[in-house]
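Below: coords.txt (compact mmCIF, C-alpha atoms and all ligand atoms)
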```txt
# COMPACT_ATOMS: atom_id res chain seq x y z
CA MET H 1 0.00 0.00 0.00
CA PRO H 2 1.67 3.26 -1.06
CA LEU H 3 1.95 6.18 1.26
CA THR H 4 0.59 9.39 -0.18
CA HIS H 5 1.00 12.96 0.84
CA ASP H 6 -2.09 15.06 0.95
CA SER H 7 -1.12 18.52 -0.23
CA TRP H 8 -3.53 20.15 2.19
CA ASP H 9 -2.52 18.07 5.13
CA THR H 10 0.89 17.89 6.66
CA ARG H 11 0.37 14.34 7.80
CA TRP H 12 1.30 11.25 5.78
CA ARG H 13 -1.33 8.56 5.47
CA TRP H 14 -2.04 5.30 3.71
CA GLU H 15 -3.81 5.83 0.39
CA ASP H 16 -6.93 3.94 1.34
CA GLU H 17 -7.00 5.10 4.93
CA PRO H 18 -10.00 7.33 5.50
CA VAL H 19 -9.27 10.93 6.40
CA VAL H 20 -11.11 10.41 9.65
CA SER H 21 -8.77 7.83 11.05
CA GLU H 22 -11.00 6.25 13.70
CA SER H 23 -13.11 3.51 12.23
CA ILE H 24 -16.56 5.00 11.90
CA LYS H 25 -19.81 3.20 11.72
CA THR H 26 -21.15 4.01 8.28
CA LEU H 27 -24.91 3.96 7.94
CA PRO H 28 -26.85 4.45 4.72
CA LEU H 29 -28.47 7.79 3.95
CA VAL H 30 -32.24 7.53 4.33
CA PHE H 31 -34.48 10.13 2.68
CA GLU H 32 -37.91 8.49 2.95
CA GLU H 33 -39.56 7.32 6.15
CA PRO H 34 -40.19 3.57 6.41
CA LYS H 35 -43.48 2.54 4.79
CA GLY H 36 -46.52 1.47 6.74
CA ARG H 37 -46.25 3.79 9.75
CA GLY H 38 -49.60 5.03 11.01
CA LYS H 39 -50.42 8.72 10.70
CA PRO H 40 -50.67 10.89 13.82
CA PRO H 41 -54.16 12.18 14.73
CA ARG H 42 -55.27 15.23 12.72
CA HIS H 43 -54.95 18.37 14.83
CA LEU H 44 -55.97 21.95 14.13
CA ALA H 45 -52.28 22.86 13.90
CA ASP H 46 -52.12 20.60 10.82
CA LEU H 47 -54.84 22.61 9.10
CA THR H 48 -55.41 26.06 7.66
CA PRO H 49 -58.21 28.08 9.33
CA GLU H 50 -60.52 27.20 6.41
CA ASP H 51 -59.78 23.48 6.69
CA ARG H 52 -60.41 23.56 10.44
CA LYS H 53 -63.96 24.75 9.78
CA THR H 54 -64.47 22.12 7.10
CA ARG H 55 -63.22 19.43 9.43
CA LEU H 56 -65.77 20.36 12.11
CA GLU H 57 -68.55 20.47 9.54
CA GLU H 58 -67.58 17.01 8.30
CA LEU H 59 -68.01 15.84 11.88
CA GLY H 60 -71.47 17.43 12.00
CA LEU H 61 -70.27 20.24 14.26
CA PRO H 62 -70.59 24.00 13.73
CA GLY H 63 -67.66 25.36 11.70
CA PHE H 64 -67.46 28.66 13.59
CA ARG H 65 -66.29 26.82 16.70
CA ALA H 66 -62.94 26.25 14.95
CA ARG H 67 -61.86 29.80 15.68
CA GLN H 68 -62.68 29.43 19.37
CA LEU H 69 -60.67 26.22 19.52
CA SER H 70 -57.77 27.94 17.74
CA THR H 71 -57.91 30.77 20.28
CA HIS H 72 -57.72 28.32 23.17
CA TYR H 73 -54.79 26.53 21.57
CA PHE H 74 -52.64 29.34 20.16
CA SER H 75 -53.62 32.45 22.14
CA ARG H 76 -54.71 31.29 25.58
CA LEU H 77 -52.51 28.19 25.61
CA VAL H 78 -55.34 26.31 27.32
CA ASP H 79 -55.26 22.51 27.16
CA ASP H 80 -57.88 21.61 29.76
CA PRO H 81 -61.32 21.33 28.08
CA GLY H 82 -62.85 22.29 31.46
CA GLN H 83 -61.48 25.81 30.93
CA MET H 84 -63.06 26.18 27.49
CA THR H 85 -66.24 27.60 28.94
CA ASP H 86 -67.24 29.44 25.76
CA LEU H 87 -67.91 26.06 24.15
CA PRO H 88 -71.27 24.45 24.95
CA ALA H 89 -70.71 21.82 27.63
CA GLY H 90 -72.67 19.22 25.66
CA GLN H 91 -70.47 19.60 22.57
CA ARG H 92 -67.13 20.35 24.16
CA ALA H 93 -65.76 16.81 24.21
CA GLU H 94 -66.64 16.26 20.55
CA LEU H 95 -65.15 19.59 19.49
CA VAL H 96 -61.94 18.91 21.37
CA ALA H 97 -61.70 15.36 20.01
CA GLY H 98 -62.24 16.72 16.50
CA LEU H 99 -59.55 19.40 16.43
CA LEU H 100 -57.46 19.12 19.58
CA PRO H 101 -56.62 15.42 19.95
CA ASN H 102 -53.76 14.64 22.30
CA LEU H 103 -50.59 14.37 20.17
CA MET H 104 -47.91 13.56 22.70
CA THR H 105 -47.25 12.79 26.33
CA ALA H 106 -44.33 14.16 28.31
CA LEU H 107 -42.48 11.17 29.79
CA LYS H 108 -39.69 13.07 31.45
CA THR H 109 -38.40 16.60 31.95
CA GLN H 110 -34.78 17.19 32.89
CA GLN H 111 -33.32 20.52 33.92
CA ALA H 112 -29.89 22.11 33.88
CA ASP H 113 -28.34 25.56 34.18
CA LYS H 114 -30.40 26.33 37.33
CA GLY H 115 -33.63 25.42 35.61
CA THR H 116 -33.13 27.69 32.61
CA THR H 117 -32.49 24.72 30.31
CA ARG H 118 -35.23 22.08 30.17
CA LYS H 119 -35.22 18.97 28.03
CA THR H 120 -38.51 17.13 27.56
CA LEU H 121 -38.84 13.56 26.33
CA TRP H 122 -42.09 13.05 24.41
CA LYS H 123 -43.91 9.88 23.53
CA LEU H 124 -45.91 10.19 20.31
CA PHE H 125 -49.16 8.36 19.52
CA ASP H 126 -47.34 5.32 18.12
CA GLY H 127 -44.71 5.10 20.85
CA ALA H 128 -42.05 6.99 18.86
CA LEU H 129 -39.87 9.12 21.14
CA VAL H 130 -38.58 12.62 20.47
CA GLU H 131 -37.06 15.41 22.53
CA SER H 132 -37.27 19.18 22.66
CA VAL H 133 -35.08 21.60 24.62
CA LEU H 134 -36.09 24.98 26.01
CA MET H 135 -33.32 27.45 26.77
CA ARG H 136 -33.83 30.72 28.59
CA TYR H 137 -31.27 33.49 28.18
CA PRO H 138 -31.41 37.06 29.43
CA GLY H 139 -33.90 38.71 27.09
CA ARG H 140 -34.88 35.72 24.99
CA VAL H 141 -36.19 32.17 25.16
CA THR H 142 -35.30 29.63 22.48
CA ILE H 143 -36.94 26.29 21.95
CA CYS H 144 -35.11 23.63 19.97
CA VAL H 145 -37.61 21.28 18.34
CA SER H 146 -37.46 17.91 16.61
CA SER H 147 -38.83 17.45 13.09
CA GLN H 148 -38.39 13.67 12.75
CA ALA H 149 -38.29 10.75 15.14
CA GLY H 150 -34.67 9.80 14.56
CA CYS H 151 -32.73 10.97 11.51
CA GLY H 152 -31.65 9.39 8.23
CA MET H 153 -28.63 11.60 7.56
CA ALA H 154 -26.15 9.30 9.33
CA CYS H 155 -23.62 11.88 10.56
CA PRO H 156 -21.17 9.76 12.57
CA PHE H 157 -20.60 12.32 15.34
CA CYS H 158 -24.31 12.87 16.07
CA ALA H 159 -26.25 10.61 18.44
CA THR H 160 -29.51 11.11 16.53
CA GLY H 161 -27.88 10.29 13.20
CA GLN H 162 -26.50 7.05 14.61
CA GLY H 163 -29.98 5.85 15.55
CA GLY H 164 -31.50 5.97 12.05
CA LEU H 165 -34.88 7.34 10.97
CA GLN H 166 -38.11 6.07 12.55
CA ARG H 167 -40.56 8.47 10.92
CA ASN H 168 -41.42 12.00 9.92
CA MET H 169 -43.29 14.10 12.44
CA SER H 170 -46.52 15.85 11.46
CA THR H 171 -46.93 19.63 11.46
CA GLY H 172 -49.12 19.29 14.55
CA GLU H 173 -46.46 17.29 16.40
CA ILE H 174 -43.79 19.87 15.56
CA VAL H 175 -45.99 22.82 16.58
CA GLU H 176 -47.14 21.12 19.79
CA GLN H 177 -43.56 21.10 21.10
CA VAL H 178 -43.50 24.90 20.79
CA VAL H 179 -46.97 25.34 22.25
CA ALA H 180 -46.07 23.08 25.19
CA GLY H 181 -42.98 25.21 25.83
CA ALA H 182 -45.07 28.37 25.59
CA ARG H 183 -47.54 26.93 28.12
CA ALA H 184 -44.78 26.00 30.57
CA LEU H 185 -43.40 29.54 30.33
CA ALA H 186 -46.78 31.21 30.62
CA ARG H 187 -47.55 29.12 33.71
CA ASP H 188 -44.33 30.13 35.41
CA GLU H 189 -42.92 26.59 35.31
CA VAL H 190 -39.53 27.71 34.01
CA ALA H 191 -36.94 29.41 36.23
CA GLY H 192 -36.96 33.17 35.69
CA GLY H 193 -40.68 33.85 35.92
CA PRO H 194 -43.47 33.85 33.37
CA GLY H 195 -42.34 34.48 29.82
CA ARG H 196 -42.80 33.89 26.11
CA ILE H 197 -40.92 32.04 23.43
CA SER H 198 -38.98 34.37 21.15
CA ASN H 199 -37.02 31.89 19.02
CA VAL H 200 -37.64 28.46 17.53
CA VAL H 201 -34.73 26.49 16.12
CA PHE H 202 -35.21 23.32 14.06
CA MET H 203 -32.08 21.84 15.57
CA GLY H 204 -33.51 18.95 17.54
CA MET H 205 -33.85 15.43 16.20
CA GLY H 206 -34.18 14.97 12.47
CA GLU H 207 -33.36 16.65 9.19
CA PRO H 208 -36.02 19.34 8.64
CA MET H 209 -35.42 19.51 4.88
CA ALA H 210 -36.13 15.77 4.58
CA ASN H 211 -39.59 16.43 6.06
CA TYR H 212 -40.10 19.61 4.09
CA LYS H 213 -43.87 19.81 3.83
CA ALA H 214 -44.58 19.25 7.52
CA VAL H 215 -41.79 21.64 8.53
CA MET H 216 -43.09 24.38 6.23
CA GLY H 217 -46.57 23.81 7.66
CA ALA H 218 -45.10 24.29 11.15
CA VAL H 219 -43.27 27.47 10.10
CA ARG H 220 -46.58 28.83 8.77
CA ARG H 221 -48.46 27.95 11.97
CA LEU H 222 -45.74 29.55 14.09
CA THR H 223 -45.89 32.76 12.05
CA ASP H 224 -49.63 32.97 11.26
CA PRO H 225 -51.13 35.80 13.33
CA ALA H 226 -53.09 34.71 16.42
CA PRO H 227 -55.48 33.01 16.79
CA ASP H 228 -54.77 31.17 13.51
CA GLY H 229 -51.21 30.54 14.68
CA LEU H 230 -48.69 31.65 17.29
CA GLY H 231 -47.95 34.98 15.62
CA MET H 232 -44.15 34.73 15.86
CA SER H 233 -41.74 36.63 13.66
CA ALA H 234 -40.10 34.53 10.92
CA ARG H 235 -36.86 36.19 11.93
CA GLY H 236 -36.97 34.32 15.20
CA ILE H 237 -37.09 30.96 13.44
CA THR H 238 -34.01 29.04 12.31
CA VAL H 239 -34.10 26.00 10.05
CA SER H 240 -30.91 23.95 10.20
CA THR H 241 -29.93 21.50 7.48
CA VAL H 242 -27.13 19.16 6.46
CA GLY H 243 -27.53 20.67 2.98
CA LEU H 244 -30.34 19.21 0.87
CA VAL H 245 -29.63 21.61 -1.97
CA PRO H 246 -32.95 21.46 -3.87
CA ARG H 247 -34.82 22.06 -0.62
CA ILE H 248 -32.65 25.04 0.32
CA ASN H 249 -33.46 26.54 -3.08
CA GLN H 250 -37.15 25.81 -2.55
CA LEU H 251 -37.07 27.43 0.90
CA ALA H 252 -35.54 30.55 -0.63
CA GLU H 253 -38.65 30.89 -2.82
CA GLU H 254 -41.21 30.50 0.00
CA GLY H 255 -41.22 34.17 0.89
CA ILE H 256 -40.85 33.46 4.63
CA PRO H 257 -37.56 34.96 5.80
CA VAL H 258 -36.54 32.32 8.33
CA THR H 259 -32.86 32.05 9.18
CA LEU H 260 -31.02 29.24 7.42
CA ALA H 261 -28.28 27.35 9.25
CA LEU H 262 -26.06 25.04 7.22
CA SER H 263 -24.24 22.26 9.05
CA LEU H 264 -21.00 22.38 7.07
CA HIS H 265 -18.38 21.00 9.51
CA ALA H 266 -15.67 20.82 6.82
CA PRO H 267 -14.66 23.14 3.97
CA ASP H 268 -13.32 20.32 1.75
CA ASP H 269 -15.18 17.42 0.11
CA GLU H 270 -12.73 14.77 1.22
CA LEU H 271 -13.46 15.29 4.90
CA ARG H 272 -17.10 16.39 4.52
CA ASP H 273 -17.91 13.19 2.62
CA GLU H 274 -17.18 11.35 5.86
CA LEU H 275 -18.50 13.77 8.46
CA VAL H 276 -21.72 14.72 6.69
CA PRO H 277 -22.58 11.84 4.34
CA ILE H 278 -25.10 13.90 2.33
CA ASN H 279 -21.95 15.48 0.88
CA THR H 280 -21.61 12.43 -1.35
CA ARG H 281 -24.74 13.80 -3.14
CA TRP H 282 -24.21 17.55 -2.96
CA LYS H 283 -20.66 18.79 -2.69
CA VAL H 284 -19.34 21.64 -0.55
CA GLY H 285 -19.36 24.02 -3.54
CA GLU H 286 -22.99 23.34 -4.51
CA THR H 287 -24.11 23.44 -0.89
CA VAL H 288 -22.41 26.72 -0.02
CA GLU H 289 -23.70 28.17 -3.29
CA ALA H 290 -27.27 27.25 -2.28
CA ALA H 291 -26.72 28.91 1.12
CA TRP H 292 -25.39 32.04 -0.59
CA ASN H 293 -28.36 32.02 -2.96
CA TYR H 294 -30.62 31.80 0.11
CA ALA H 295 -28.94 34.86 1.64
CA LYS H 296 -29.15 36.75 -1.67
CA THR H 297 -32.84 35.96 -2.16
CA THR H 298 -34.08 36.46 1.39
CA LYS H 299 -31.58 39.12 2.57
CA ARG H 300 -31.13 36.99 5.68
CA ARG H 301 -27.62 36.25 6.87
CA VAL H 302 -26.89 32.52 6.73
CA SER H 303 -25.28 30.72 9.62
CA ILE H 304 -22.59 28.09 8.97
CA GLU H 305 -22.48 25.48 11.74
CA TYR H 306 -19.10 23.92 12.39
CA ALA H 307 -18.65 21.39 15.21
CA MET H 308 -15.04 21.59 16.32
CA MET H 309 -13.52 18.10 16.48
CA ARG H 310 -10.02 17.76 17.83
CA GLY H 311 -7.51 16.85 15.14
CA ILE H 312 -10.26 16.16 12.61
CA ASN H 313 -11.55 19.45 11.22
CA ASP H 314 -9.98 22.08 13.48
CA GLN H 315 -6.64 22.69 11.74
CA ALA H 316 -5.61 26.29 11.04
CA TRP H 317 -5.42 25.57 7.31
CA ARG H 318 -9.04 24.44 7.34
CA ALA H 319 -10.04 27.73 8.96
CA ASP H 320 -8.26 29.56 6.12
CA LEU H 321 -9.89 27.33 3.51
CA LEU H 322 -13.33 27.84 5.09
CA GLY H 323 -12.81 31.60 5.01
CA ASP H 324 -11.75 31.45 1.35
CA VAL H 325 -14.67 29.23 0.34
CA LEU H 326 -17.16 31.60 1.99
CA ASN H 327 -15.49 34.75 0.71
CA SER H 328 -15.52 33.41 -2.84
CA TYR H 329 -19.22 34.34 -2.80
CA GLY H 330 -18.46 37.91 -1.78
CA ASP H 331 -17.84 39.64 1.50
CA TRP H 332 -21.10 41.59 1.74
CA GLY H 333 -21.93 40.07 5.12
CA TRP H 334 -24.04 37.22 3.77
CA VAL H 335 -22.69 34.68 6.23
CA HIS H 336 -21.41 34.10 9.71
CA VAL H 337 -19.79 31.06 11.26
CA ASN H 338 -21.01 29.47 14.46
CA LEU H 339 -18.47 27.09 15.95
CA ILE H 340 -19.93 24.37 18.17
CA PRO H 341 -17.60 22.72 20.68
CA LEU H 342 -18.15 19.00 19.99
CA ASN H 343 -20.51 17.48 22.52
CA PRO H 344 -19.85 13.94 23.67
CA THR H 345 -22.05 11.19 22.23
CA PRO H 346 -22.11 7.46 23.05
CA GLY H 347 -19.55 5.43 21.14
CA SER H 348 -17.84 8.44 19.58
CA LYS H 349 -14.09 8.61 20.08
CA TRP H 350 -13.89 12.20 18.97
CA THR H 351 -13.52 15.03 21.42
CA ALA H 352 -13.85 18.77 21.40
CA SER H 353 -10.99 20.87 20.11
CA ASP H 354 -8.26 22.25 22.28
CA PRO H 355 -9.31 25.76 23.36
CA ALA H 356 -6.11 27.20 21.86
CA ASP H 357 -6.93 25.60 18.48
CA GLU H 358 -10.46 26.91 18.73
CA ARG H 359 -9.19 30.44 19.42
CA GLU H 360 -6.82 30.22 16.45
CA PHE H 361 -9.68 29.00 14.23
CA VAL H 362 -11.79 32.00 15.26
CA ARG H 363 -8.85 34.36 14.77
CA ARG H 364 -8.19 33.13 11.22
CA LEU H 365 -11.82 33.38 10.18
CA GLU H 366 -12.10 36.87 11.63
CA ALA H 367 -8.87 37.86 9.89
CA LYS H 368 -10.68 37.01 6.65
CA GLY H 369 -13.58 39.22 7.67
CA ILE H 370 -15.99 36.40 8.62
CA PRO H 371 -18.02 37.14 11.77
CA THR H 372 -17.54 34.12 14.02
CA THR H 373 -19.16 33.07 17.27
CA VAL H 374 -18.69 30.05 19.54
CA ARG H 375 -21.90 28.41 20.68
CA ASP H 376 -22.44 27.72 24.36
CA THR H 377 -22.88 24.13 25.41
CA ARG H 378 -26.17 24.44 27.26
CA GLY H 379 -27.71 21.24 28.52
CA ARG H 380 -24.67 19.01 28.08
CA GLU H 381 -25.05 17.30 31.43
CA ILE H 382 -28.62 16.28 30.58
CA ASP H 383 -27.61 15.18 27.05
CA GLY H 384 -29.61 18.09 25.76
CA ALA H 385 -26.91 19.82 23.73
CA CYS H 386 -26.38 19.73 19.93
CA GLY H 387 -26.11 16.22 18.60
CA GLN H 388 -26.93 14.54 21.91
CA LEU H 389 -30.65 13.97 21.45
CA ALA H 390 -31.32 10.26 21.23
CA ALA H 391 -34.61 9.85 23.10
CA HIS H 392 -34.39 6.75 25.29
CA GLU H 393 -36.93 5.93 27.96
CA ASP H 394 -34.42 4.85 30.63
N1 LIG H 401 -30.22 17.71 10.74
C1 LIG H 401 -30.11 19.15 10.89
C2 LIG H 401 -30.75 19.63 12.18
C3 LIG H 401 -30.00 19.20 13.43
S1 LIG H 401 -29.22 20.59 14.07
C4 LIG H 401 -28.67 19.57 10.81
O1 LIG H 401 -27.80 18.70 10.88
O2 LIG H 401 -28.40 20.74 10.60
C5 LIG H 401 -28.07 19.92 15.15
C6 LIG H 401 -26.71 20.60 14.98
O3 LIG H 401 -25.80 20.03 15.91
C7 LIG H 401 -26.14 20.35 13.60
O4 LIG H 401 -25.38 21.44 13.19
C8 LIG H 401 -25.26 19.15 13.89
O5 LIG H 401 -24.30 18.95 12.91
C9 LIG H 401 -24.68 19.52 15.23
N2 LIG H 401 -24.16 18.37 15.97
C10 LIG H 401 -24.46 17.06 15.79
N3 LIG H 401 -23.77 16.30 16.64
C11 LIG H 401 -23.02 17.13 17.38
C12 LIG H 401 -22.11 16.94 18.45
N4 LIG H 401 -21.83 15.72 18.91
N5 LIG H 401 -21.53 18.04 18.99
C13 LIG H 401 -21.82 19.27 18.53
N6 LIG H 401 -22.68 19.52 17.53
C14 LIG H 401 -23.27 18.46 16.96
```

Would you mind giving the structure from this file in structure tokens?
Amino acid sequence: MPLTHDSWDTRWRWEDEPVVSESIKTLPLVFEEPKGRGKPPRHLADLTPEDRKTRLEELGLPGFRARQLSTHYFSRLVDDPGQMTDLPAGQRAELVAGLLPNLMTALKTQQADKGTTRKTLWKLFDGALVESVLMRYPGRVTICVSSQAGCGMACPFCATGQGGLQRNMSTGEIVEQVVAGARALARDEVAGGPGRISNVVFMGMGEPMANYKAVMGAVRRLTDPAPDGLGMSARGITVSTVGLVPRINQLAEEGIPVTLALSLHAPDDELRDELVPINTRWKVGETVEAAWNYAKTTKRRVSIEYAMMRGINDQAWRADLLGDVLNSYGDWGWVHVNLIPLNPTPGSKWTASDPADEREFVRRLEAKGIPTTVRDTRGREIDGACGQLAAHED
């Protein structure tokens, strides 16, 4: 076996040795959910205001009650039918069963950071498990939601990716995580007093762009004015993706200026092919171009996510290359880089970068004019940080 010298890398390696030297479990990429899974109950959050009315009428109930139910759900955050006193007592149970079926049950809530980080484990109607994480900061509250039970994108450093895809979540199931967080805040169940959710990030379990329709439905429900939806600003919503290029382009045309986050993790195809297997379909160049196109079309600055893995992707030359790749699309402020200290996951041998290497990485990006931030590691001790969501019942 000949030894080759990689011109980018200073290290010698065997020609057929993978760039990521540890043996990694390679899983197939899965785009479609397994066939034959039952569909979650139909909830008003799955429907447009018009369709909510129609649904009630199909059930032989008065259509105008749909707006009252929507007000209870999105504006008053009421979930106890006993409190829905504007609905006739004789019809209340039927109305609630028709548009507000129970979608999920909280099995466990874990807290960290003095109660300002809360991870909830949810059991869905078919037993599938997902997690959401609420994080309170001074002046804002962010909820990180799941869009799929499991994930088919197979990133070797991510606990969710290593578990495979169980199924897509429905719009209602995605929205309910946000509404449940909003309820907990409104009821003063989160440290820091009563509050409201200001940001939603699709950074929990799953690949949002592989469940595009349901995710877009959720974005619409979150932004529809109350009582049709939660009335949030699209600017407070971030959709994170491994880089499904056609979907990024589609999102750019939706006319909803959500923030796009691209999980890049490597500026070169050789390494990204291994770290983010979708790269075998869409290369770094095409992916970054789609992100740039998103910024150009929506005028929203794109966020590049980069998990810092010691000795794998954190070399100074990779920081320079990342800066050059991004700057090749212009330096008009279309992008910023968010470095994520690698969080530990079961079975992964990789660790977070040395702080000195991380500082040098930041310095080199900033020297090239790229705004760079380092993400905090909220919720690590409850396995609630990036890449740690795996949803087990134990
Ligand atoms: N599938 C989407 C949404 C998940 S977001 C996506 O990948 O973008 C979760 C973010 O955490 C992604 O940027 C992901 O790459 C990153 N991540 C995954 N595992 C991680 C780990 N062990 N440490 C730090 N970040 C991780």

Check: For ligand LIG 401 (chain H), which residue among H:Ser146, H:Gln91, H:Gln110, H:Asn313 is the nearest when counting all atoms listed in the file?
Finding: H:Ser146

Notebook entry, point to check: Just how far from CA of Leu264 (chain H) is CA of Thr297 (chain H), in Å to one decimal?
Noted result: 20.2 Å

Note to self: Residues within 9 Å of region 339-353 of chain H, please, as a VMD selection string. Count all atoms listed in the file; anything in the same chain fewer than 3 positions from it doesn't count.
What the structure shows: chain H and resid 22 24 156 to 159 265 304 to 312 314 356 to 358 362 372 to 377 380 383 385 to 388

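Using all atoms listed in the file, the shortest contact distance between ligand LIG 401 (chain H) and any of H:Leu230, H:Val284, H:Ile370, H:Cys144 is found at H:Cys144.
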
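Among the candidates H:Asn279, H:Thr48, H:Ser147, H:Thr71, the residue lying nearest to ligand LIG 401 (chain H) is H:Ser147 (atoms considered: only C-alpha atoms and all ligand atoms).
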
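Counting all atoms listed in the file and comparing H:Glu286, H:Asp268, H:Glu274, H:Glu207, the residue that lies closest to ligand LIG 401 (chain H) is H:Glu207.
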
Item checked: Contact residues around Arg235 (chain H) with all atoms listed in the file at 7 Å, ignoring same-chain residues under 2 positions, as a ChimeraX atom specification -> /H:233,237,257-259

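Candidate residues H:Val141, H:Leu107, H:Val242, H:Leu165 were compared for distance to Asn199 (chain H), and the nearest is H:Val141, using all atoms listed in the file.
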
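Of the listed residues H:Arg364, H:Arg42, H:Arg167, H:Lys296, the one whose atoms come nearest to Gly323 (chain H) is H:Arg364, with distances taken using all atoms listed in the file.
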